[in-house]
>>> print(open('model-v3.cif').read())   # mmCIF, C-alpha atoms and all ligand atoms
data_query
loop_
_atom_site.label_atom_id
_atom_site.label_comp_id
_atom_site.auth_asym_id
_atom_site.auth_seq_id
_atom_site.Cartn_x
_atom_site.Cartn_y
_atom_site.Cartn_z
CA MET R 1204 -25.12 -7.26 25.73
CA ALA R 1205 -27.25 -4.20 25.13
CA GLU R 1206 -25.74 -1.45 23.11
CA GLU R 1207 -25.11 1.79 24.88
CA ARG R 1208 -26.70 4.88 23.55
CA ASP R 1209 -24.43 7.59 22.45
CA MET R 1210 -23.80 10.09 25.17
CA MET R 1211 -24.18 12.96 22.76
CA GLY R 1212 -27.70 12.12 21.65
CA ASP R 1213 -28.90 10.58 18.44
CA GLY R 1214 -27.07 8.11 16.37
CA PRO R 1215 -23.43 7.29 16.06
CA ILE R 1216 -20.91 10.02 16.65
CA ARG R 1217 -18.90 10.79 13.60
CA LEU R 1218 -15.43 12.18 13.56
CA THR R 1219 -15.60 12.84 9.90
CA ARG R 1220 -16.36 16.32 8.74
CA PRO R 1221 -17.28 17.11 5.15
CA VAL R 1222 -14.35 16.25 2.96
CA HIS R 1223 -13.34 19.15 0.73
CA PRO R 1224 -12.23 18.20 -2.76
CA MET R 1225 -8.72 19.30 -3.63
CA PRO R 1226 -8.82 22.02 -6.32
CA GLU R 1227 -6.40 21.49 -9.20
CA PHE R 1228 -4.58 24.78 -8.69
CA VAL R 1229 -3.87 23.91 -5.06
CA LYS R 1230 -2.53 20.51 -6.00
CA ASP R 1231 -0.37 22.02 -8.73
CA SER R 1232 1.10 24.56 -6.33
CA ILE R 1233 1.91 21.90 -3.76
CA VAL R 1234 3.65 19.76 -6.35
CA ARG R 1235 5.46 22.75 -7.90
CA ARG R 1236 6.88 23.76 -4.53
CA GLY R 1237 8.00 20.18 -3.85
CA LEU R 1238 5.75 19.98 -0.81
CA LEU R 1239 3.78 16.88 -1.61
CA GLU R 1240 5.47 14.81 1.10
CA ALA R 1241 5.11 17.62 3.62
CA TYR R 1242 1.44 17.88 2.73
CA ARG R 1243 0.85 14.13 2.96
CA SER R 1244 2.55 13.94 6.33
CA ARG R 1245 0.03 16.32 7.86
CA PRO R 1246 -2.87 14.70 9.68
CA PRO R 1247 -6.08 14.37 7.66
CA TYR R 1248 -7.93 17.04 9.64
CA GLN R 1249 -5.25 19.60 8.82
CA ARG R 1250 -5.21 18.81 5.15
CA ASN R 1251 -8.97 19.00 4.98
CA ASP R 1252 -9.15 22.23 6.95
CA TYR R 1253 -6.55 23.85 4.73
CA ILE R 1254 -8.41 22.91 1.57
CA GLY R 1255 -11.76 24.05 2.99
CA TRP R 1256 -10.25 27.32 4.15
CA ILE R 1257 -8.69 28.06 0.77
CA SER R 1258 -11.80 26.98 -1.13
CA ARG R 1259 -14.08 29.17 0.96
CA ALA R 1260 -12.30 32.40 0.05
CA LYS R 1261 -14.58 34.39 -2.20
CA GLN R 1262 -11.95 36.61 -3.76
CA GLN R 1263 -9.09 35.26 -5.78
CA LYS R 1264 -6.68 37.49 -3.92
CA THR R 1265 -7.74 36.00 -0.59
CA GLN R 1266 -7.53 32.52 -2.03
CA GLU R 1267 -3.99 33.12 -3.20
CA LYS R 1268 -3.02 34.58 0.14
CA ARG R 1269 -4.36 31.54 1.98
CA LEU R 1270 -2.69 29.19 -0.44
CA ALA R 1271 0.60 30.99 0.06
CA GLN R 1272 0.24 30.70 3.83
CA MET R 1273 -0.43 26.97 3.62
CA LEU R 1274 2.61 26.45 1.39
CA ASP R 1275 4.82 28.46 3.74
CA GLU R 1276 3.56 26.52 6.74
CA LEU R 1277 4.10 23.20 4.99
CA ALA R 1278 7.61 24.26 4.06
CA ALA R 1279 8.39 25.40 7.59
CA GLY R 1280 6.79 22.30 9.06
CA ASP R 1281 6.14 23.80 12.47
CA SER R 1282 2.85 25.62 12.12
CA TYR R 1283 -0.68 25.09 11.00
CA MET R 1284 -3.11 27.93 10.31
CA GLY R 1285 -0.96 30.31 12.29
CA MET R 1286 -0.75 27.96 15.27
CA LYS R 1287 2.26 26.08 16.53
CA TYR R 1288 2.45 22.52 15.28
CA LYS R 1289 5.08 20.09 16.45
CA GLY R 1290 5.05 17.98 13.33
CA ALA R 1291 5.03 14.24 13.09
CA ARG R 1292 5.96 13.85 16.72
CA SER R 1293 2.66 15.30 17.77
CA ARG R 1294 0.53 13.07 15.61
CA ARG R 1295 -2.12 11.33 17.59
CA VAL R 1296 -3.05 7.68 17.33
CA ILE R 1297 -6.43 8.73 16.01
CA ASP R 1298 -4.81 10.57 13.10
CA TYR R 1299 -3.66 7.21 11.77
CA LEU R 1300 -6.98 5.50 12.14
CA SER R 1301 -9.31 6.94 9.54
CA PRO R 1302 -11.59 4.25 8.12
CA GLU R 1303 -9.55 4.35 4.90
CA ALA R 1304 -6.30 3.90 6.80
CA VAL R 1305 -7.66 0.95 8.78
CA ARG R 1306 -8.96 -0.63 5.58
CA SER R 1307 -5.48 -0.44 4.12
CA LEU R 1308 -3.87 -1.91 7.25
CA ALA R 1309 -6.06 -4.94 7.79
CA ALA R 1310 -7.17 -7.91 5.77
CA LEU R 1311 -10.83 -7.96 4.80
CA SER R 1312 -11.70 -10.83 7.12
CA ASN R 1313 -10.08 -9.08 10.08
CA LEU R 1314 -11.92 -5.87 9.26
CA ARG R 1315 -15.22 -7.66 9.43
CA LEU R 1316 -14.39 -9.61 12.58
CA GLY R 1317 -12.93 -6.55 14.27
CA LYS R 1318 -16.01 -4.47 13.61
CA GLU R 1319 -18.18 -7.24 15.02
CA ILE R 1320 -16.15 -7.26 18.21
CA ALA R 1321 -16.45 -3.48 18.55
CA VAL R 1322 -20.18 -3.56 17.96
CA SER R 1323 -20.71 -6.35 20.48
CA GLY R 1324 -19.06 -4.27 23.21
CA GLY R 1325 -15.94 -6.38 23.35
CA VAL R 1326 -13.54 -3.47 23.65
CA GLU R 1327 -12.45 -1.96 26.91
CA LEU R 1328 -10.16 1.07 26.76
CA ILE R 1329 -7.53 0.82 29.47
CA GLU R 1330 -5.51 3.79 28.43
CA SER R 1331 -6.39 6.47 25.98
CA SER R 1332 -3.95 9.29 25.49
CA PRO R 1333 -3.11 11.09 22.24
CA ALA R 1334 -0.07 8.95 21.53
CA LEU R 1335 -1.09 5.67 23.11
CA VAL R 1336 -4.22 3.58 23.20
CA VAL R 1337 -4.32 0.37 25.20
CA ALA R 1338 -7.42 -1.77 24.95
CA ARG R 1339 -8.59 -5.13 26.20
CA VAL R 1340 -10.37 -6.83 23.39
CA ARG R 1341 -12.55 -9.84 23.81
CA PRO R 1342 -14.45 -11.44 20.95
CA GLU R 1343 -17.71 -13.09 21.96
CA GLY R 1344 -16.81 -16.56 23.19
CA GLY R 1345 -13.13 -15.89 22.61
CA GLN R 1346 -10.07 -15.07 24.63
CA ARG R 1347 -9.28 -11.64 25.92
CA ARG R 1348 -6.29 -9.96 24.28
CA THR R 1349 -4.51 -6.71 24.90
CA VAL R 1350 -3.91 -4.28 22.07
CA GLU R 1351 -1.52 -1.36 22.06
CA LEU R 1352 -1.70 1.30 19.37
CA ARG R 1353 1.06 3.85 19.54
CA SER R 1354 1.98 6.96 17.59
CA THR R 1355 5.73 7.13 17.13
CA GLU R 1356 8.10 9.22 15.07
CA LYS R 1357 8.07 6.48 12.49
CA GLY R 1358 4.31 6.30 12.34
CA LEU R 1359 1.68 4.06 13.88
CA THR R 1360 2.83 0.91 15.63
CA TRP R 1361 0.62 -1.84 17.00
CA LYS R 1362 0.96 -4.82 19.28
CA CYS R 1363 -1.47 -7.52 20.23
CA THR R 1364 -1.09 -10.42 22.63
CA CYS R 1365 -2.71 -12.82 20.20
CA THR R 1366 -0.77 -15.19 18.00
CA THR R 1367 -0.98 -13.26 14.73
CA LYS R 1368 2.32 -11.49 15.21
CA GLY R 1369 2.80 -8.32 13.23
CA THR R 1370 -0.50 -8.27 11.39
CA PHE R 1371 -3.15 -5.69 12.08
CA CYS R 1372 -5.40 -8.38 13.56
CA LYS R 1373 -9.11 -8.34 14.35
CA HIS R 1374 -8.33 -7.17 17.89
CA CYS R 1375 -6.40 -4.19 16.52
CA VAL R 1376 -9.29 -3.42 14.18
CA ALA R 1377 -11.77 -3.60 17.05
CA ALA R 1378 -9.72 -1.15 19.12
CA ALA R 1379 -9.28 1.13 16.09
CA VAL R 1380 -13.00 1.16 15.38
CA VAL R 1381 -13.77 2.23 18.94
CA VAL R 1382 -11.15 4.97 18.81
CA GLN R 1383 -12.60 6.22 15.52
CA ARG R 1384 -16.19 6.19 16.52
CA ARG R 1385 -16.13 7.22 20.12
CA PRO R 1386 -14.24 10.49 20.26
CA ASP R 1387 -16.01 11.14 23.56
CA PHE R 1388 -13.93 8.33 25.02
CA ASN R 1389 -10.70 9.53 23.60
CA TYR R 1390 -7.91 10.91 25.62
CA SER R 1391 -9.79 11.76 28.77
CA ALA R 1392 -10.33 8.32 30.16
CA SER R 1393 -8.57 7.63 33.39
CA ALA R 1394 -10.65 4.64 34.36
CA SER R 1395 -11.21 1.78 32.00
CA ILE R 1396 -14.28 2.10 29.91
CA LYS R 1397 -16.43 -0.55 28.39
CA ALA R 1398 -16.98 0.83 24.94
CA SER R 1399 -19.57 -0.20 22.46
CA VAL R 1400 -20.25 1.44 19.18
CA ALA R 1401 -23.29 1.67 16.98
CA ARG R 1402 -23.46 -0.82 14.16
ZN ZN P 1 -4.79 -9.78 17.99
#
>>> encode(input="model-v3.cif", output="structure tokens")
Amino acid sequence: MAEERDMMGDGPIRLTRPVHPMPEFVKDSIVRRGLLEAYRSRPPYQRNDYIGWISRAKQQKTQEKRLAQMLDELAAGDSYMGMKYKGARSRRVIDYLSPEAVRSLAALSNLRLGKEIAVSGGVELIESSPALVVARVRPEGGQRRTVELRSTEKGLTWKCTCTTKGTFCKHCVAAAVVVQRRPDFNYSASASIKASVAR
């Protein structure tokens, strides 16, 4: 099957923005205030935006002010950069599916097989909302399975109709890869979409 071109133009769409390194003084402050867990529980985009925002301040005074705001918001748990944030409950499926996260969830062989399925266009998104992704996943020459990825209060949960109960199987990986790489398909799809991703 021919690969679709990205709707946005050239090359694969990337969700990843530049990753800002964590300055020592920020890390120290987080640890000193006992906010490491609160910090870690924020979605990756928030953590990265906070660090970038603090790092970009040219004056030390501004930097300290921004750092103080981040610490207060982490402590309060209900805001992010002055905006309302509903906490863990509002985490999206995609927030759990960074490439690093998927690598830690799945065995190496399933990672490879899952990516192959995604690249070959074997993933069809049936439902794609912030807290729930349902996909039909069909490996070339294999059986079609249904994968459910759900964001819950306890974190990410997954289900697949294949026989590998409980493991983050190749079908789960395939669905995750499509969710990661095709943000244009995320959360707006009402009809099912045949999704292929660039290799
Ligand atoms: Zn499976």
>>> residues_around(input="model-v3.cif", residues="Trp1361 (chain R)", least_positions_apart="3", cutoff="8 Å", atoms="all atoms listed in the file", output="list in words")
Val1350, Glu1351, Leu1352, Arg1353, Gly1369, Phe1371 and Cys1375 of chain R
>>> atom_distance(input="model-v3.cif", atom1="CA of Ala1379 (chain R)", atom2="CA of Arg1294 (chain R)")
15.5 Å
>>> residues_near_ligand(input="model-v3.cif", ligand="ligand ZN 1 (chain P)", cutoff="12 Å", atoms="all atoms listed in the file", output="JSON, numbers by chain")
{"R": [1309, 1313, 1314, 1316, 1317, 1320, 1338, 1339, 1340, 1341, 1342, 1345, 1346, 1347, 1348, 1349, 1350, 1351, 1352, 1361, 1362, 1363, 1364, 1365, 1366, 1367, 1368, 1369, 1370, 1371, 1372, 1373, 1374, 1375, 1376, 1377, 1378, 1379]}
>>> closest_residue(input="model-v3.cif", among="R:Val1326, R:Arg1295, R:Ser1301, R:Val1336", to="Ser1354 (chain R)", atoms="all atoms listed in the file")
R:Arg1295
>>> closest_residue(input="model-v3.cif", among="R:Glu1330, R:Gly1358, R:Leu1277, R:Lys1287", to="Gly1237 (chain R)", atoms="only C-alpha atoms")
R:Leu1277
>>> atom_distance(input="model-v3.cif", atom1="CA of Glu1267 (chain R)", atom2="CA of Ser1232 (chain R)")
10.4 Å
>>> decode(input="model-v3.cif", residues="region 1208-1359 of chain R", atoms="C-alpha atoms", output="compact mmCIF listing (two decimals), in the first residue's frame")
# COMPACT_ATOMS: atom_id res chain seq x y z
CA ARG R 1208 1.88 12.10 2.17
CA ASP R 1209 1.66 14.21 5.21
CA MET R 1210 -1.20 16.63 5.03
CA MET R 1211 0.93 19.41 6.41
CA GLY R 1212 3.57 19.30 3.70
CA ASP R 1213 7.06 17.93 3.80
CA GLY R 1214 8.23 15.04 5.81
CA PRO R 1215 6.89 13.44 8.93
CA ILE R 1216 5.05 15.59 11.41
CA ARG R 1217 6.80 15.79 14.71
CA LEU R 1218 5.17 16.39 18.02
CA THR R 1219 8.46 16.92 19.68
CA ARG R 1220 9.61 20.43 20.29
CA PRO R 1221 13.17 21.26 21.30
CA VAL R 1222 13.85 19.71 24.65
CA HIS R 1223 15.18 22.22 27.15
CA PRO R 1224 17.83 20.91 29.51
CA MET R 1225 16.94 21.19 33.17
CA PRO R 1226 19.20 23.76 34.89
CA GLU R 1227 20.70 22.61 38.18
CA PHE R 1228 19.20 25.44 40.21
CA VAL R 1229 15.71 24.59 38.98
CA LYS R 1230 16.15 20.95 39.85
CA ASP R 1231 17.50 21.84 43.29
CA SER R 1232 14.54 24.11 43.99
CA ILE R 1233 12.05 21.44 42.96
CA VAL R 1234 13.70 18.88 45.20
CA ARG R 1235 14.07 21.34 48.10
CA ARG R 1236 10.37 22.16 47.99
CA GLY R 1237 9.47 18.45 47.90
CA LEU R 1238 7.81 18.86 44.53
CA LEU R 1239 9.61 16.23 42.53
CA GLU R 1240 6.57 13.96 42.33
CA ALA R 1241 4.32 16.88 41.45
CA TYR R 1242 6.76 17.89 38.74
CA ARG R 1243 7.06 14.36 37.34
CA SER R 1244 3.31 13.95 37.23
CA ARG R 1245 2.94 16.87 34.85
CA PRO R 1246 2.75 15.99 31.17
CA PRO R 1247 6.02 16.28 29.25
CA TYR R 1248 4.93 19.36 27.30
CA GLN R 1249 4.28 21.25 30.53
CA ARG R 1250 7.58 20.32 32.08
CA ASN R 1251 9.43 21.31 28.95
CA ASP R 1252 7.55 24.58 28.57
CA TYR R 1253 8.24 25.51 32.17
CA ILE R 1254 11.95 24.87 31.81
CA GLY R 1255 12.14 26.76 28.51
CA TRP R 1256 10.22 29.67 29.97
CA ILE R 1257 12.46 29.92 33.02
CA SER R 1258 15.64 29.46 30.98
CA ARG R 1259 14.67 32.17 28.51
CA ALA R 1260 14.47 34.90 31.14
CA LYS R 1261 17.38 37.24 30.62
CA GLN R 1262 17.42 38.77 34.06
CA GLN R 1263 18.01 36.76 37.18
CA LYS R 1264 15.12 38.50 38.87
CA THR R 1265 12.74 37.41 36.12
CA GLN R 1266 14.14 33.91 36.23
CA GLU R 1267 13.53 33.68 39.96
CA LYS R 1268 10.03 35.03 39.57
CA ARG R 1269 9.20 32.43 36.94
CA LEU R 1270 10.74 29.68 38.99
CA ALA R 1271 8.68 30.74 41.99
CA GLN R 1272 5.52 30.70 39.89
CA MET R 1273 6.25 27.19 38.62
CA LEU R 1274 6.87 25.94 42.16
CA ASP R 1275 3.66 27.52 43.42
CA GLU R 1276 1.69 26.02 40.55
CA LEU R 1277 3.20 22.60 41.12
CA ALA R 1278 2.37 22.83 44.80
CA ALA R 1279 -1.20 23.92 44.10
CA GLY R 1280 -1.58 21.30 41.39
CA ASP R 1281 -4.40 23.05 39.59
CA SER R 1282 -2.72 25.51 37.29
CA TYR R 1283 -0.08 25.71 34.64
CA MET R 1284 1.46 28.98 33.44
CA GLY R 1285 -1.43 30.91 34.90
CA MET R 1286 -4.02 28.70 33.22
CA LYS R 1287 -6.39 26.27 34.86
CA TYR R 1288 -5.14 22.70 34.85
CA LYS R 1289 -7.22 19.81 36.07
CA GLY R 1290 -4.31 17.64 37.03
CA ALA R 1291 -3.85 13.98 36.35
CA ARG R 1292 -7.47 13.55 35.40
CA SER R 1293 -6.99 15.72 32.37
CA ARG R 1294 -3.96 13.91 31.06
CA ARG R 1295 -4.41 12.86 27.50
CA VAL R 1296 -3.52 9.49 26.04
CA ILE R 1297 -0.88 11.19 23.95
CA ASP R 1298 0.85 12.52 27.06
CA TYR R 1299 1.73 8.94 27.96
CA LEU R 1300 3.01 8.00 24.56
CA SER R 1301 6.29 9.80 24.04
CA PRO R 1302 8.76 7.61 22.16
CA GLU R 1303 10.69 7.14 25.42
CA ALA R 1304 7.55 6.08 27.26
CA VAL R 1305 6.59 3.57 24.56
CA ARG R 1306 10.13 2.18 24.57
CA SER R 1307 9.83 1.55 28.29
CA LEU R 1308 6.41 -0.10 27.94
CA ALA R 1309 7.12 -2.56 25.16
CA ALA R 1310 9.61 -5.30 24.51
CA LEU R 1311 12.14 -4.60 21.77
CA SER R 1312 10.65 -7.12 19.36
CA ASN R 1313 7.18 -5.64 19.77
CA LEU R 1314 8.54 -2.15 19.23
CA ARG R 1315 10.00 -3.18 15.92
CA LEU R 1316 6.95 -5.13 14.79
CA GLY R 1317 4.59 -2.39 15.92
CA LYS R 1318 6.44 0.27 14.00
CA GLU R 1319 6.36 -1.91 10.90
CA ILE R 1320 2.59 -2.23 11.19
CA ALA R 1321 2.19 1.53 11.57
CA VAL R 1322 4.42 2.23 8.59
CA SER R 1323 2.60 -0.27 6.40
CA GLY R 1324 -0.71 1.51 7.01
CA GLY R 1325 -2.12 -1.21 9.20
CA VAL R 1326 -3.66 1.12 11.75
CA GLU R 1327 -7.15 2.50 11.52
CA LEU R 1328 -8.25 4.95 14.20
CA ILE R 1329 -11.83 4.25 15.19
CA GLU R 1330 -12.02 6.68 18.03
CA SER R 1331 -9.61 9.38 18.95
CA SER R 1332 -10.47 11.59 21.87
CA PRO R 1333 -8.07 13.03 24.46
CA ALA R 1334 -8.69 10.26 26.97
CA LEU R 1335 -9.42 7.35 24.67
CA VAL R 1336 -7.94 5.98 21.49
CA VAL R 1337 -9.47 2.95 19.82
CA ALA R 1338 -7.70 1.52 16.80
CA ARG R 1339 -8.07 -1.45 14.51
CA VAL R 1340 -4.66 -2.84 13.91
CA ARG R 1341 -3.85 -5.30 11.19
CA PRO R 1342 -0.34 -6.57 10.53
CA GLU R 1343 0.35 -7.44 6.91
CA GLY R 1344 -0.94 -10.96 6.39
CA GLY R 1345 -2.14 -11.12 9.98
CA GLN R 1346 -5.38 -10.90 11.87
CA ARG R 1347 -7.10 -7.67 12.68
CA ARG R 1348 -7.11 -6.74 16.37
CA THR R 1349 -8.68 -3.92 18.30
CA VAL R 1350 -6.58 -1.80 20.63
CA GLU R 1351 -7.85 0.53 23.31
CA LEU R 1352 -5.55 3.06 24.94
CA ARG R 1353 -7.12 4.96 27.78
CA SER R 1354 -5.99 7.72 30.12
CA THR R 1355 -7.30 7.06 33.61
CA GLU R 1356 -6.69 8.50 37.04
CA LYS R 1357 -4.20 5.73 37.62
CA GLY R 1358 -2.35 6.36 34.40
CA LEU R 1359 -2.38 4.80 30.95
